Structures are given as C-alpha cells and as structure tokens.
Amino acid sequence: MTIYTKSCRNDSRHIVFRLPLALVGAASALLALPATLAAQNYPSRPVTMIVPAPTGGGTDVFARVLAEIVEADLKQKFVVENRGGAGGTLGTTQIVTAKPDGYTIGFIWNSPLTTSPHSLNVAYTPDSYRAVMSVGYSSYVLCVRPDFPAENAKELVEKLKQPGTRYTYGNDGVGGTMQLAAERVFSSIGVKLRGIPFAGAGETAKNFLGGHVDFYGGSLPPILPHVEAGKAKCLLLTSAGRNPSVPKAEGLSALGLDKAETVLWWGLIVPAATPEAVFETLQKAFIQAAASDKFRDAMAKQGATSRVLNGKATDALIRDELAALGAVAKELGIEKKQ
C-alpha cells in the first residue's frame with residue numbers, strides 16, 4: 001500500500017515508499033483502540049439525561065427514579081436536565097444531535113417522536129436516534145358525567161352512534177397525541193365527535209367539570225380525583241387492555257379494536273451512531289431498573305402500567321405508531337406549522 005509520494009526538485013522521478021499491509025492494518029487498529037476502550041469502560045464520567053419536559057410531570061418523575069437506580073448499578077452519576085419547549089421537540093433535537101458517545105441520553109415520552117412530526121417541522125426522523133428501551137404506558141381515557149346513560153364501552157358506542165347526536169370532547173391540543181388517539185378510535189367505530197382543544201389535560205378536566213364539553217379526553221392523573229369524588233365516570237380507554245385505576249373503563253379489546261391502541265408511553269433514546277458496547281450497557285441497566293419494584297411502584301402511583309420493551313421492540317413501536325398517527329393526521333387535514 002502506498003503511503004507517501006515525494007517529488008525531487010531536480011529530478012522528474014518520483015520516490016514511492018510502501019509498507020506491508022499487515023503493518024498498515026496494525027496501525028489502523030491502534031488508532032481505533034482508544035474509542036474501543038472508552039466504550040468498554042463506559043461510563044467513566046457523569047452522564048447527562050435530557051428530559052424534554054418540565055419538572056414535576058410523569059416523564060420527569062420516571063426519569064429521576066430510573067436515574068437513581070441506574071447510578072447504583074453503573075457506579076456513575078446520571079444527571080437529569082429538563083429542557084422543555086415546542087411540545088418536547090426542542091429537547092429531543094438536543095438529544096439526537098448530541099455527540100454519540102453515551103454521555104448525553106434522553107428519557108422521553110412518545111409524543112415528540114410519533115405525534116409532533118405530523119404538525120411541526122422537526123429536525124429528526126427515526127433514523128436520527130435509536131431507542132434503548134421503553135418502560136410502560138398510561139392509557140388516555142374518555143370520561144362522561146355521572147348521569148350519562150351508559151355504564152360501559154359498548155353502551156357508550158351505542159349512544160355515540162345514535163342519529164342526530166352532537167357530542168363534544170376536550171383534548172390537549174390540535175395534533176396532540178390524545179386527539180389523534182381519540183380520532184383513531186372514532187374512525188374505527190364510525191362516529192364523529194367535535195374536538196375542543198385546551199392547554200393540557202388539567203384545563204380539559206376543568207372545562208369538562210364546568211360543563212363546557214360533554215366528554216373528558218386526556219391522561220388519567222388529572223381526572224382520577226374527580227372520578228373518586230363521583231364527579232366523573234370513565235368508560236373507554238385508548239389502550240387495548242384495562243387499567244386498575246379506572247375499573248369501570250374498558251379497553252379497546254372490548255370493542256375488538258386492539259389494533260387502534262394509542263397510549264402515552266415512555267422510553268430512553270440515544271443518537272443513532274452511539275457505539276454498540278455503550279448501547280448494550282445502557283439497555284441492560286435500564287431494563288433492569290425498569291423491572292425493579294421501586295420503579296414499578298413509581299409507575300403505579302402515576303396510574304401507569306409497566307411494560308418493559310427492549311430497543312428493537314421500541315424502535316418498531318415508534319415506526320408503526322408514527323405511520324398510524326400520520327394517517328389520522330392526514331385524514332383530519334392537520335398541516336405542519338411553518
């Protein structure tokens with residue numbers, strides 16, 4: 001292999017030096033050695049875990065509990081940094097564009113990955129990152145007032161299908177996961193409701209209780225206290241199965257609509273080019289942490305369901321959900337904001 005060519009000033013001839021291929025191969029291996037050793041010794045310094053959401057919410061709570069458990073396992077500090085904005089897409093962009101060495105990772109919920117790309121111009125695709133694992137999910141739920149003439153999901157659907165009915169449901173924003181999840185179900189059963197967007201599930205609950213919309217559509221935590229107080233009854237979940245937090249509510253399986261499931265779920269992602277050794281270390285540590293009693297208890301307190309998936313399964317979930325919600329967004333005429 002030619003590695004150097006020199007032209008002599010007073011001689012038109014060229015001097016060409018050659019080295020044996022084995023020596024060149026050894027030199028290349030030596031150059032790659034530091035990166036390999038760094039991956040094998042990972043983590044050797046603190047790791048930044050970006051959470052693209054404000055403090056105090058479910059995503060933040062889960063991230064901090066996981067970080068604490070993983071720190072004890074990997075003997076290194078995992079520092080949670082909240083970087084919200086633009087529905088989580090700003091923090092997500094910082095995660096996927098970070099140096100792919102495992103020292104900047106992201107704990108995230110699904111909306112910035114599978115919902116926001118249909119209504120916002122985001123700087124990433126599923127090829128920009130790699131899912132390490134996911135921890136579980138929380139159902140979105142459709143709730144009615146106590147005097148509504150239905151006691152289960154099938155009776156609710158019958159009411160929705162009656163001619164001349166004009167019901168409204170609150171949701172957490174146009175193009176948001178709740179709206180797309182609900183419309184995915186409504187389309188599957190052949191009914192139409194008018195969606196009324198609010199600034200988050202808390203605002204949706206307030207307006208539902210105030211009688212401004214017929215149905216509450218949103219995550220479980222904001223409505224659970226009102227269910228317990230007898231001010232609301234929840235009948236239909238956007239998950240396939242039930243949730244013990246709302247025993248009266250049925251999952252989509254009760255309607256034969258398992259494939260229409262859309263839930264709020266959480267997981268860990270890293271930049272796509274993260275070394276395999278680093279990826280495997282993170283995947284093993286976080287799967288073990290998510291399966292611990294301490295983390296399961298934290299999920300239960302938030303009304304969430306544990307469902308630990310590895311990176312490959314989570315990647316497949318992201319791509320399938322992105323495509324399905326894209327079809328719903330197109331049907332609704334949702335366009336990206338410039």
# chains A, B, ... in the order shown; residues from 1 in each chain; ligands from 1
>>> select_by_dssp(residues="segment 11-255 of chain A", states="strand (DSSP E)", output="VMD selection string")
chain A and resid 14 to 18 47 to 51 78 to 82 104 to 109 129 to 138 140 to 144 168 to 171 194 to 197 215 to 219 233 to 237
>>> write_last_selection(atoms="C-alpha atoms", output="compact mmCIF listing (two decimals), in the first residue's frame")
# COMPACT_ATOMS: atom_id res chain seq x y z
CA HIS A 14 9.05 10.07 -8.00
CA ILE A 15 10.13 8.21 -4.89
CA VAL A 16 7.37 5.95 -3.60
CA PHE A 17 7.52 4.36 -0.15
CA ARG A 18 5.47 1.27 0.59
CA VAL A 47 -23.97 11.05 32.11
CA THR A 48 -26.48 13.78 31.18
CA MET A 49 -30.04 12.55 30.85
CA ILE A 50 -32.11 15.13 28.95
CA VAL A 51 -35.84 15.18 29.72
CA PHE A 78 -26.79 10.29 35.85
CA VAL A 79 -27.73 13.99 35.87
CA VAL A 80 -31.30 14.80 34.81
CA GLU A 81 -31.67 18.06 32.87
CA ASN A 82 -35.13 19.36 31.92
CA THR A 104 -25.90 12.51 26.55
CA ILE A 105 -29.02 10.37 26.52
CA GLY A 106 -32.72 11.18 26.59
CA PHE A 107 -35.70 9.98 28.57
CA ILE A 108 -38.78 10.92 26.60
CA TRP A 109 -42.46 10.27 26.05
CA TYR A 129 -31.84 8.17 17.01
CA ARG A 130 -32.01 4.68 18.43
CA ALA A 131 -34.41 3.50 21.11
CA VAL A 132 -32.66 1.83 24.05
CA MET A 133 -35.83 0.57 25.74
CA SER A 134 -39.26 1.64 26.97
CA VAL A 135 -40.75 1.31 30.44
CA GLY A 136 -44.53 1.23 30.08
CA TYR A 137 -47.57 3.28 29.30
CA SER A 138 -50.60 5.15 30.57
CA TYR A 140 -55.76 8.02 27.57
CA VAL A 141 -59.35 7.89 28.70
CA LEU A 142 -62.78 9.11 27.67
CA CYS A 143 -64.95 10.09 30.65
CA VAL A 144 -68.54 11.27 30.97
CA THR A 168 -68.01 17.38 22.08
CA TYR A 169 -64.87 16.10 23.75
CA GLY A 170 -62.00 18.04 25.26
CA ASN A 171 -58.40 17.24 24.34
CA ARG A 194 -66.23 17.60 17.75
CA GLY A 195 -62.88 18.01 19.43
CA ILE A 196 -62.32 21.09 21.60
CA PRO A 197 -58.62 21.78 22.27
CA PHE A 215 -66.59 14.29 27.43
CA TYR A 216 -63.18 14.48 29.08
CA GLY A 217 -60.43 13.21 26.82
CA GLY A 218 -56.95 13.06 28.30
CA SER A 219 -54.47 11.31 30.56
CA LYS A 233 -67.14 8.15 35.26
CA CYS A 234 -64.60 6.85 32.78
CA LEU A 235 -65.83 4.31 30.25
CA LEU A 236 -63.31 3.90 27.44
CA LEU A 237 -59.53 3.66 27.35
>>> residues_around(residues="Pro54 of chain A", least_positions_apart="3", cutoff="9 Å", atoms="only C-alpha atoms", output="mmCIF file with N, CA and C atoms, in the first residue's frame")
data_model
loop_
_atom_site.group_PDB
_atom_site.id
_atom_site.type_symbol
_atom_site.label_atom_id
_atom_site.label_comp_id
_atom_site.auth_asym_id
_atom_site.auth_seq_id
_atom_site.Cartn_x
_atom_site.Cartn_y
_atom_site.Cartn_z
ATOM 1 N N VAL A 51 -34.396 15.425 29.686
ATOM 2 C CA VAL A 51 -35.835 15.183 29.719
ATOM 3 C C VAL A 51 -36.493 16.393 29.061
ATOM 4 N N GLY A 57 -43.751 16.551 36.210
ATOM 5 C CA GLY A 57 -44.673 15.692 35.471
ATOM 6 C C GLY A 57 -44.241 14.232 35.516
ATOM 7 N N THR A 59 -43.159 12.216 33.169
ATOM 8 C CA THR A 59 -41.916 11.920 32.466
ATOM 9 C C THR A 59 -40.713 12.258 33.332
ATOM 10 N N ASP A 60 -40.761 13.421 33.980
ATOM 11 C CA ASP A 60 -39.678 13.856 34.861
ATOM 12 C C ASP A 60 -39.539 12.924 36.068
ATOM 13 N N ASN A 82 -33.851 19.090 32.588
ATOM 14 C CA ASN A 82 -35.132 19.355 31.921
ATOM 15 C C ASN A 82 -34.958 20.437 30.865
ATOM 16 N N ARG A 83 -35.287 20.101 29.632
ATOM 17 C CA ARG A 83 -35.171 21.046 28.521
ATOM 18 C C ARG A 83 -36.453 20.995 27.701
ATOM 19 N N GLY A 84 -37.478 21.681 28.213
ATOM 20 C CA GLY A 84 -38.775 21.682 27.554
ATOM 21 C C GLY A 84 -38.839 22.677 26.412
ATOM 22 N N GLY A 85 -40.028 22.758 25.809
ATOM 23 C CA GLY A 85 -40.244 23.703 24.713
ATOM 24 C C GLY A 85 -40.723 23.022 23.455
#
>>> atom_distance(atom1="atom CA of Val270 of chain A", atom2="atom CA of Ala323 of chain A")
21.2 Å
>>> select_by_dssp(residues="segment 8-226 of chain A", states="helix (DSSP H, G or I)", output="number ranges by chain")
A: 21-40, 58-74, 86-96, 111-114, 116-118, 153-161, 177-189, 201-209, 224-226
>>> residues_around(residues="Leu120 of chain A", least_positions_apart="6", cutoff="10 Å", atoms="only C-alpha atoms", output="PyMOL selection string")
chain A and resi 86-87+89+112+175+335-338
>>> closest_residue(among="A:Asn41, A:Thr204, A:Thr97, A:Ser239", to="Ala181 of chain A", atoms="only C-alpha atoms")
A:Ser239
>>> residues_around(residues="segment 160-163 of chain A", least_positions_apart="4", cutoff="8 Å", atoms="only C-alpha atoms", output="mmCIF file with N, CA and C atoms, in the first residue's frame")
data_model
loop_
_atom_site.group_PDB
_atom_site.id
_atom_site.type_symbol
_atom_site.label_atom_id
_atom_site.label_comp_id
_atom_site.auth_asym_id
_atom_site.auth_seq_id
_atom_site.Cartn_x
_atom_site.Cartn_y
_atom_site.Cartn_z
ATOM 1 N N LEU A 156 -71.576 3.092 25.563
ATOM 2 C CA LEU A 156 -71.115 4.409 25.127
ATOM 3 C C LEU A 156 -71.113 4.500 23.616
ATOM 4 N N TYR A 167 -71.954 15.368 20.093
ATOM 5 C CA TYR A 167 -71.187 15.448 21.326
ATOM 6 C C TYR A 167 -69.846 16.148 21.070
ATOM 7 N N GLY A 190 -66.756 4.346 13.427
ATOM 8 C CA GLY A 190 -67.651 5.049 12.521
ATOM 9 C C GLY A 190 -68.492 6.134 13.149
ATOM 10 N N VAL A 191 -67.899 6.910 14.073
ATOM 11 C CA VAL A 191 -68.637 8.028 14.677
ATOM 12 C C VAL A 191 -67.811 9.299 14.579
#
>>> closest_atom_pairs(of="segment 77-172 of chain A", to="segment 240-260 of chain A", cutoff="7 Å", atoms="only C-alpha atoms", output="tab-separated table")
residue	atom	partner	partner_atom	distance
A:Asn152	CA	A:Ala249	CA	6.7
A:Ala153	CA	A:Glu250	CA	5.9
A:Lys154	CA	A:Leu255	CA	6.9
>>> write_last_selection(atoms="C-alpha atoms", output="CSV table (one decimal), in the first residue's frame")
chain,number,residue,atom,x,y,z
A,152,ASN,CA,-69.6,0.5,29.8
A,153,ALA,CA,-67.7,1.0,26.5
A,154,LYS,CA,-70.3,-0.8,24.3
>>> closest_residue(among="A:Ala63, A:Leu220, A:Ile189, A:Ala272", to="Ser128 of chain A", atoms="only C-alpha atoms")
A:Ala272
>>> closest_residue(among="A:Asp297, A:Ala273, A:Ser292, A:Gly326", to="Ile69 of chain A", atoms="only C-alpha atoms")
A:Ser292
>>> residues_around(residues="Glu203 of chain A", least_positions_apart="3", cutoff="9 Å", atoms="only C-alpha atoms", output="list in words")
Gly170, Asn171, Asp172, Phe198, Ala199, Gly200, Lys206, Asn207 and Phe208 of chain A
>>> write_last_selection(atoms="N, CA and C atoms", output="PDB file, in the first residue's frame")
ATOM      1  N   GLY A 170     -63.183  17.221  25.067  1.00  0.00           N
ATOM      2  CA  GLY A 170     -61.999  18.041  25.264  1.00  0.00           C
ATOM      3  C   GLY A 170     -60.742  17.229  25.018  1.00  0.00           C
ATOM      4  N   ASN A 171     -59.705  17.898  24.531  1.00  0.00           N
ATOM      5  CA  ASN A 171     -58.404  17.238  24.341  1.00  0.00           C
ATOM      6  C   ASN A 171     -57.297  18.255  24.597  1.00  0.00           C
ATOM      7  N   ASP A 172     -56.068  17.771  24.571  1.00  0.00           N
ATOM      8  CA  ASP A 172     -54.946  18.648  24.951  1.00  0.00           C
ATOM      9  C   ASP A 172     -54.256  19.318  23.771  1.00  0.00           C
ATOM     10  N   PHE A 198     -57.680  22.236  24.451  1.00  0.00           N
ATOM     11  CA  PHE A 198     -57.327  23.034  25.627  1.00  0.00           C
ATOM     12  C   PHE A 198     -55.817  22.936  25.859  1.00  0.00           C
ATOM     13  N   ALA A 199     -55.336  23.777  26.762  1.00  0.00           N
ATOM     14  CA  ALA A 199     -53.893  23.816  27.040  1.00  0.00           C
ATOM     15  C   ALA A 199     -53.522  22.765  28.088  1.00  0.00           C
ATOM     16  N   GLY A 200     -53.642  21.513  27.711  1.00  0.00           N
ATOM     17  CA  GLY A 200     -53.252  20.431  28.607  1.00  0.00           C
ATOM     18  C   GLY A 200     -54.443  19.729  29.231  1.00  0.00           C
ATOM     19  N   LYS A 206     -60.912  20.735  33.848  1.00  0.00           N
ATOM     20  CA  LYS A 206     -61.623  21.897  34.423  1.00  0.00           C
ATOM     21  C   LYS A 206     -62.832  22.264  33.557  1.00  0.00           C
ATOM     22  N   ASN A 207     -62.652  22.266  32.255  1.00  0.00           N
ATOM     23  CA  ASN A 207     -63.747  22.623  31.359  1.00  0.00           C
ATOM     24  C   ASN A 207     -64.802  21.529  31.273  1.00  0.00           C
ATOM     25  N   PHE A 208     -64.377  20.291  31.396  1.00  0.00           N
ATOM     26  CA  PHE A 208     -65.334  19.184  31.429  1.00  0.00           C
ATOM     27  C   PHE A 208     -66.209  19.287  32.680  1.00  0.00           C
TER      28      PHE A 208
END
>>> closest_residue(among="A:Ala300, A:Leu322, A:Ala329, A:Ala277", to="Asp101 of chain A", atoms="only C-alpha atoms")
A:Ala277
>>> decode(residues="segment 151-197 of chain A", atoms="C-alpha atoms", output="short mmCIF file (atom, residue, chain, number, x, y, z; two decimals), in the first residue's frame")
data_model
loop_
_atom_site.label_atom_id
_atom_site.label_comp_id
_atom_site.auth_asym_id
_atom_site.auth_seq_id
_atom_site.Cartn_x
_atom_site.Cartn_y
_atom_site.Cartn_z
CA GLU A 151 -72.17 2.17 32.01
CA ASN A 152 -69.56 0.54 29.75
CA ALA A 153 -67.73 1.00 26.47
CA LYS A 154 -70.32 -0.81 24.32
CA GLU A 155 -73.18 1.27 25.70
CA LEU A 156 -71.11 4.41 25.13
CA VAL A 157 -70.56 3.47 21.48
CA GLU A 158 -74.28 2.80 21.04
CA LYS A 159 -75.03 6.31 22.30
CA LEU A 160 -72.43 7.84 20.02
CA LYS A 161 -73.95 6.05 17.03
CA GLN A 162 -77.48 7.28 17.62
CA PRO A 163 -78.74 9.56 14.82
CA GLY A 164 -78.63 13.26 15.48
CA THR A 165 -76.16 13.13 18.38
CA ARG A 166 -73.67 16.00 18.57
CA TYR A 167 -71.19 15.45 21.33
CA THR A 168 -68.01 17.38 22.08
CA TYR A 169 -64.87 16.10 23.75
CA GLY A 170 -62.00 18.04 25.26
CA ASN A 171 -58.40 17.24 24.34
CA ASP A 172 -54.95 18.65 24.95
CA GLY A 173 -54.44 20.38 21.62
CA VAL A 174 -54.84 20.13 17.84
CA GLY A 175 -52.48 17.49 16.51
CA GLY A 176 -51.73 16.22 20.02
CA THR A 177 -51.49 12.55 20.86
CA MET A 178 -54.83 12.50 22.68
CA GLN A 179 -56.68 13.99 19.73
CA LEU A 180 -55.09 11.58 17.25
CA ALA A 181 -55.68 8.64 19.60
CA ALA A 182 -59.35 9.54 20.02
CA GLU A 183 -59.92 10.16 16.33
CA ARG A 184 -58.26 6.85 15.53
CA VAL A 185 -60.88 5.14 17.72
CA PHE A 186 -63.80 7.23 16.43
CA SER A 187 -62.83 6.46 12.84
CA SER A 188 -62.66 2.74 13.63
CA ILE A 189 -66.19 2.66 15.09
CA GLY A 190 -67.65 5.05 12.52
CA VAL A 191 -68.64 8.03 14.68
CA LYS A 192 -67.79 11.72 14.74
CA LEU A 193 -67.34 13.98 17.75
CA ARG A 194 -66.23 17.60 17.75
CA GLY A 195 -62.88 18.01 19.43
CA ILE A 196 -62.32 21.09 21.60
CA PRO A 197 -58.62 21.78 22.27
#
